[in-house]
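Since the structure comes first, as structure tokens, the remarks are kept for the end.
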Amino acid sequence: MRHVDQLPCAIQEEKHVTLPMADGIKLSARIWRPTASDAEPVPAVLEYIPYRKNDLTATRDAIHHPYIAGHGYACVRVDVRGTGESEGVLLDEYLEQEQADAESVLAWIAEQPWCDGNTGMMGISWGAFAALQTAARRPPSLRAICIASFTDDRYADDMHYLGGAMLSDNLAEAGTMFAYATCPPDPAVVGERWREMWRERMEAARPWVLEWLRHQQRDDYWRHASLSEDYSALRCPVLASSGWADGYSNAVARLLSHVDVPRKGLIGPWSHKLPHLGEPGPAIGYLQEVVRWWDHWLKGVDNGVMDGPMLRAWMQESVPPSTSYEERPGRWVGAPSWPSPDVDEAVFPLIGGTLGTPGDPVEQREDRVHTVQSPLSVGQFAGKWASYNAPPDLPYDQREEDGGSLVFQTEPLAERVEILGAPVVEVEVAADAPVAQLNARVSDVAPDGRSTRVTYGVLNLTHRDSEEFPEVLEPGRRYRVRVPLHSVAQAFPPGHRIRLSLSTSYWPLVWPAPEPVLLSVYEKGSALTLPVRPSDVPEDKLLAPFGEPEGCAPPPVTRLSEPEQAWTVARDLVDYRSVLDIVKDRGRQRHEDTGIETGLRAHETYSWTGEDFGSVRGESAWEMRFSRTDWDVRVETRTVLSSDKDTFQVDATLDGYEDGRRVFSRTWNERIPRENV
């Protein structure tokens, strides 16, 4: 990234500003704005997240907020209620209170003498959720939003449930927020009240996974704040982005397709990162695009920001399987609208145990049946639902996974095939149990046999007709089901094969069904449909290149201990216990501008024994430390999730320490009925 130190506007920074809410709670904000805005008001841009502006996101914030402010905007970074130096408690994600607070924050900003009354919202992940959800409430000052790595459907396409099956990230994200929501504010900012505020947070704490497990089907809990319930609620322009390695690869295209506002989409090869920090690369000059977006929609500049295709996507070239890539080779392609007129459906039927080619005479197919009962080990190389690229967490070579799967593949391709969009698997199946999963993967198989997963999809078969009212299977009965796979842009070279793999488990990415299942798959009427796009669309050559990534230089940080990363698969062939062990330790570091020292360590383990579906277990343990001269505190959380055929068991602990002495401790042990999951 190129660090920019000369910007069009001189800026000033206010590190701690309190914003009053209607109930008397005060939120904490950090503000960067042009010095001239005291006399010449400017539009304002809000980022609203729970990740601690004073320390844990300080480095990242300092890259883009001063940059945008230096182009003539007031940038306001607010910690959500109950986090950082904001008062109150944070009890769950995306609550009504959070969105009402966001509206109050925007109203406060619009009334400031340095703001001209026009506002925007931006962010990634939680910040993008907040912007989209707030925009749907239509606050009067909000003119446009700029969002990355988000979803419009909290049940069907978030880190909790997928295709009606529970993701292990349901536990991992709950563990993350269990820690973040119980950290103390900084005494240097809030004064002696910090202990009182900290204890209030810990007293109110509860493992969020308990609430998420109580809503195993689509209901009002998930409908709340899901734009998919009413796309017409969004009335302001939106610039939406994501990455193919991210878990949120689907929402950009869905948003482009369903909303009726000025909109642009951008999907790169990235993991869960902002595009100017994108990994795998290439990262792009995203902040330049953001400034152009704000210039047009907040200042009325006629700069052509809406010219060109509605969607720009990175068409990925074939690569060998790896858990991490520095760069994904490929090229930018465009779509004038979505769905794209350049994309056609190519139907690859299941024929004779293979994946046929489009146009094969399917009506003469025999009704051949194949069976599969996958071991629990299928999925140990699946990677993370949402890659963060640290530790390396992308799917590895799929050959071992395919050993426990039902596999159909093409002959070596005679010519290049490119896809852009969401593949779909339609199959006729029968199961020998009332609750079963069908997991589908599409892979790029090289001539030497190495298999790189391109995309995947999951369906809890009890959700085959309804996410709201699932129905158990009648053992032995045939059902025709449809499994959408994650959207992707991928090229398959000549000589490679396209492989479809079907499995009945995909653990630990997906929590297994209650018991092993023998699944029958019938060829007749079954097929893989790919969204095929020509590789020589003329308009692609007219796309203007993105600039190189740039932003402001972050403040100095001194590393006090080295970070640690691990992603280890282990199997004991004596007792048949297997473990996926994940460590993400940022190490200790000192932020020199504030003197605060921070440390963050997350440790996840997912284990199972043999083929005992009742042995699956996930654990998320966090340690977060903060110190400065005479202040030393840490929070330790631990959440364990296990299950049997009928229930989920949650065992959790929360401990708070000051100066090495434990000052708070609480334990939870709860059982929650399993509802066809």
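Each chain of the structure tokens is named A, B, ... in the order shown, its residues numbered from 1; ligands are numbered from 1 in display order.
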
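By chain and then residue number, the residues within 12 Å of Glu111 (chain A) are Leu19, Pro41, Val42, Pro43, Ala44, Ser104, Val105, Leu106, Ala107, Cys115, Asp116, Gly117, Asn118, Thr119, Pro140 and Ser141 of chain A, counting only C-alpha atoms and disregarding those fewer than 4 positions away in sequence.
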
Legend entry - Long-range neighbours of Val429 (chain A) as a PyMOL selection string, 8 Å cut-off, only C-alpha atoms, 6 positions minimum in chain: chain A and resi 478-481+519-522

Export of the given selection (N, CA, C and O atoms) as an mmCIF file, in the first residue's frame:
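So the final result, stored in selection-v4.cif, reads:
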```
data_model
loop_
_atom_site.group_PDB
_atom_site.id
_atom_site.type_symbol
_atom_site.label_atom_id
_atom_site.label_comp_id
_atom_site.auth_asym_id
_atom_site.auth_seq_id
_atom_site.Cartn_x
_atom_site.Cartn_y
_atom_site.Cartn_z
ATOM 1 N N ARG A 478 -38.270 -40.937 -2.034
ATOM 2 C CA ARG A 478 -37.472 -40.103 -2.935
ATOM 3 C C ARG A 478 -37.953 -38.659 -2.893
ATOM 4 O O ARG A 478 -39.154 -38.387 -2.907
ATOM 5 N N TYR A 479 -36.973 -37.737 -2.860
ATOM 6 C CA TYR A 479 -37.261 -36.308 -2.879
ATOM 7 C C TYR A 479 -36.373 -35.647 -3.935
ATOM 8 O O TYR A 479 -35.207 -36.002 -4.090
ATOM 9 N N ARG A 480 -36.948 -34.680 -4.631
ATOM 10 C CA ARG A 480 -36.142 -33.872 -5.545
ATOM 11 C C ARG A 480 -35.764 -32.593 -4.807
ATOM 12 O O ARG A 480 -36.638 -31.853 -4.327
ATOM 13 N N VAL A 481 -34.466 -32.332 -4.693
ATOM 14 C CA VAL A 481 -33.998 -31.189 -3.908
ATOM 15 C C VAL A 481 -33.070 -30.319 -4.743
ATOM 16 O O VAL A 481 -32.443 -30.784 -5.711
ATOM 17 N N LEU A 519 -27.315 -42.121 2.230
ATOM 18 C CA LEU A 519 -28.069 -41.334 1.254
ATOM 19 C C LEU A 519 -27.988 -42.000 -0.116
ATOM 20 O O LEU A 519 -26.899 -42.356 -0.570
ATOM 21 N N SER A 520 -29.137 -42.158 -0.754
ATOM 22 C CA SER A 520 -29.201 -42.670 -2.124
ATOM 23 C C SER A 520 -29.402 -41.498 -3.067
ATOM 24 O O SER A 520 -30.258 -40.639 -2.834
ATOM 25 N N VAL A 521 -28.606 -41.458 -4.118
ATOM 26 C CA VAL A 521 -28.692 -40.404 -5.125
ATOM 27 C C VAL A 521 -29.035 -41.055 -6.455
ATOM 28 O O VAL A 521 -28.328 -41.967 -6.914
ATOM 29 N N TYR A 522 -30.099 -40.590 -7.079
ATOM 30 C CA TYR A 522 -30.591 -41.163 -8.328
ATOM 31 C C TYR A 522 -30.171 -40.278 -9.497
ATOM 32 O O TYR A 522 -30.329 -39.054 -9.455
#
```

Do a neighbour search on Asp152 (chain A) at 12 Å with only C-alpha atoms, toss out local chain neighbours closer than 6 positions, and write the hits as a PDB file with C-alpha atoms, in the first residue's frame.
```pdb
ATOM      1  CA  SER A 125     -18.780  -6.905   8.209  1.00  0.00           C
ATOM      2  CA  ALA A 128     -21.647  -3.018   6.617  1.00  0.00           C
ATOM      3  CA  PHE A 129     -24.565  -4.747   8.346  1.00  0.00           C
ATOM      4  CA  ALA A 130     -25.121  -1.584  10.386  1.00  0.00           C
ATOM      5  CA  ALA A 131     -25.053   0.638   7.300  1.00  0.00           C
ATOM      6  CA  LEU A 132     -27.457  -1.543   5.310  1.00  0.00           C
ATOM      7  CA  GLN A 133     -29.844  -2.043   8.222  1.00  0.00           C
ATOM      8  CA  ALA A 136     -33.469   0.485   5.370  1.00  0.00           C
ATOM      9  CA  ASP A 158     -24.770 -15.414   7.504  1.00  0.00           C
ATOM     10  CA  TRP A 222     -33.765 -13.591  11.888  1.00  0.00           C
ATOM     11  CA  ARG A 223     -36.285 -11.607   9.841  1.00  0.00           C
ATOM     12  CA  HIS A 224     -35.476  -8.558  11.931  1.00  0.00           C
ATOM     13  CA  ALA A 225     -32.848  -6.471  10.131  1.00  0.00           C
ATOM     14  CA  SER A 226     -32.822  -8.762   7.064  1.00  0.00           C
ATOM     15  CA  LEU A 227     -33.268  -6.550   4.008  1.00  0.00           C
ATOM     16  CA  SER A 228     -34.371  -9.628   2.039  1.00  0.00           C
ATOM     17  CA  GLU A 229     -37.708  -9.355   3.837  1.00  0.00           C
ATOM     18  CA  ASP A 230     -38.373  -6.062   2.000  1.00  0.00           C
ATOM     19  CA  TYR A 231     -35.854  -4.902  -0.591  1.00  0.00           C
ATOM     20  CA  ALA A 233     -36.976  -0.456   2.114  1.00  0.00           C
ATOM     21  CA  LEU A 234     -33.568   0.531   0.703  1.00  0.00           C
ATOM     22  CA  ALA A 240     -21.333  -3.082  -2.357  1.00  0.00           C
ATOM     23  CA  TYR A 248     -20.238 -13.276   2.186  1.00  0.00           C
ATOM     24  CA  SER A 249     -19.724 -13.874  -1.542  1.00  0.00           C
ATOM     25  CA  ASN A 250     -23.424 -14.085  -2.415  1.00  0.00           C
ATOM     26  CA  ALA A 251     -25.045 -10.885  -1.179  1.00  0.00           C
ATOM     27  CA  VAL A 252     -23.492  -8.444  -3.678  1.00  0.00           C
ATOM     28  CA  ALA A 253     -25.133 -10.066  -6.712  1.00  0.00           C
ATOM     29  CA  ARG A 254     -28.377 -10.627  -4.812  1.00  0.00           C
ATOM     30  CA  LEU A 255     -28.508  -6.961  -3.819  1.00  0.00           C
ATOM     31  CA  LEU A 256     -27.829  -5.814  -7.377  1.00  0.00           C
ATOM     32  CA  HIS A 258     -33.312  -7.049  -6.057  1.00  0.00           C
ATOM     33  CA  VAL A 259     -32.976  -3.380  -5.101  1.00  0.00           C
TER      34      VAL A 259
END
```

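Those residues that approach Glu675 (chain A) to within 12 Å, counting only C-alpha atoms, are Gly164, Ala165, Met166, Leu213, Arg214, His215, Gln216, Gln217, Pro434, Val435, Asn460, Thr462, His463, Glu468, Phe469, Pro470, Glu471, Val472, Ala513, Pro514, Ser643, Asp644, Lys645, Asp646, Thr647, Phe648 and Ile672 of chain A; same-chain residues fewer than 3 positions away are not listed.
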
Inset, instruction - Find the residues around region 69-80 of chain A up to 9 Å (only C-alpha atoms counted), leave out those fewer than 4 positions away in its own chain, and share them as a PyMOL selection string. - result: chain A and resi 6-12+27-34+37+41-53+61+64-65+84-87+90+98+101-102+105+109+114-115+291+294-295

Please report as a tab-separated table every residue of region 344-386 of chain A lying within 7 Å of region 409-417 of chain A, along with the nearest atom pair and their distance in Å (one decimal), using only C-alpha atoms.
```
residue	atom	partner	partner_atom	distance
A:Thr354	CA	A:Gln409	CA	5.1
A:Leu355	CA	A:Gln409	CA	4.5
A:Gly356	CA	A:Thr410	CA	6.0
```

Inset, instruction - Select from region 471-635 of chain A everything DSSP, run on the backbone, classes as strand (DSSP E or B), then give the selection as a ChimeraX atom specification. - result: /A:479-484,488-492,497-503,510,519-532,550-551,557-559,564-571,577-591,596-609,612-628,631-635

Inset, instruction - May I have the residues within 8 Å of region 553-557 of chain A as number ranges by chain, using only C-alpha atoms and disregarding those fewer than 2 positions away in the same chain? - result: A: 3-5, 59-60, 62-63, 551, 559, 589-593

I need the chosen residues saved as a short mmCIF file (atom, residue, chain, number, x, y, z; two decimals), in the first residue's frame, with N, CA and C atoms.
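That gives us part_11.cif:
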```cif
data_model
loop_
_atom_site.label_atom_id
_atom_site.label_comp_id
_atom_site.auth_asym_id
_atom_site.auth_seq_id
_atom_site.Cartn_x
_atom_site.Cartn_y
_atom_site.Cartn_z
N HIS A 3 1.43 4.87 1.12
CA HIS A 3 0.97 5.78 2.17
C HIS A 3 0.99 7.21 1.65
N VAL A 4 -0.12 7.88 1.81
CA VAL A 4 -0.30 9.24 1.30
C VAL A 4 -0.18 10.22 2.45
N ASP A 5 0.71 11.19 2.32
CA ASP A 5 0.84 12.19 3.38
C ASP A 5 0.45 13.59 2.91
N THR A 59 -5.29 1.09 14.31
CA THR A 59 -4.38 1.09 13.17
C THR A 59 -5.14 1.10 11.86
N ARG A 60 -6.13 0.22 11.74
CA ARG A 60 -6.92 0.17 10.51
C ARG A 60 -7.68 1.46 10.27
N ALA A 62 -6.93 4.41 11.15
CA ALA A 62 -6.04 5.51 10.80
C ALA A 62 -5.61 5.47 9.34
N ILE A 63 -5.82 4.33 8.67
CA ILE A 63 -5.48 4.24 7.25
C ILE A 63 -6.54 4.91 6.40
N GLY A 551 -3.55 4.81 1.21
CA GLY A 551 -4.20 5.24 2.44
C GLY A 551 -3.20 6.01 3.27
N ARG A 559 5.93 -3.89 18.49
CA ARG A 559 5.59 -5.28 18.78
C ARG A 559 6.38 -5.74 20.00
N GLN A 589 1.31 -5.85 21.68
CA GLN A 589 1.84 -4.68 20.99
C GLN A 589 1.46 -3.42 21.74
N ARG A 590 2.30 -2.40 21.57
CA ARG A 590 2.06 -1.12 22.24
C ARG A 590 1.74 -0.06 21.19
N HIS A 591 0.62 0.62 21.39
CA HIS A 591 0.23 1.73 20.52
C HIS A 591 0.90 2.99 21.07
N GLU A 592 1.89 3.47 20.36
CA GLU A 592 2.76 4.51 20.91
C GLU A 592 2.04 5.84 21.11
N ASP A 593 1.00 6.11 20.34
CA ASP A 593 0.33 7.40 20.51
C ASP A 593 -0.52 7.46 21.77
#
```
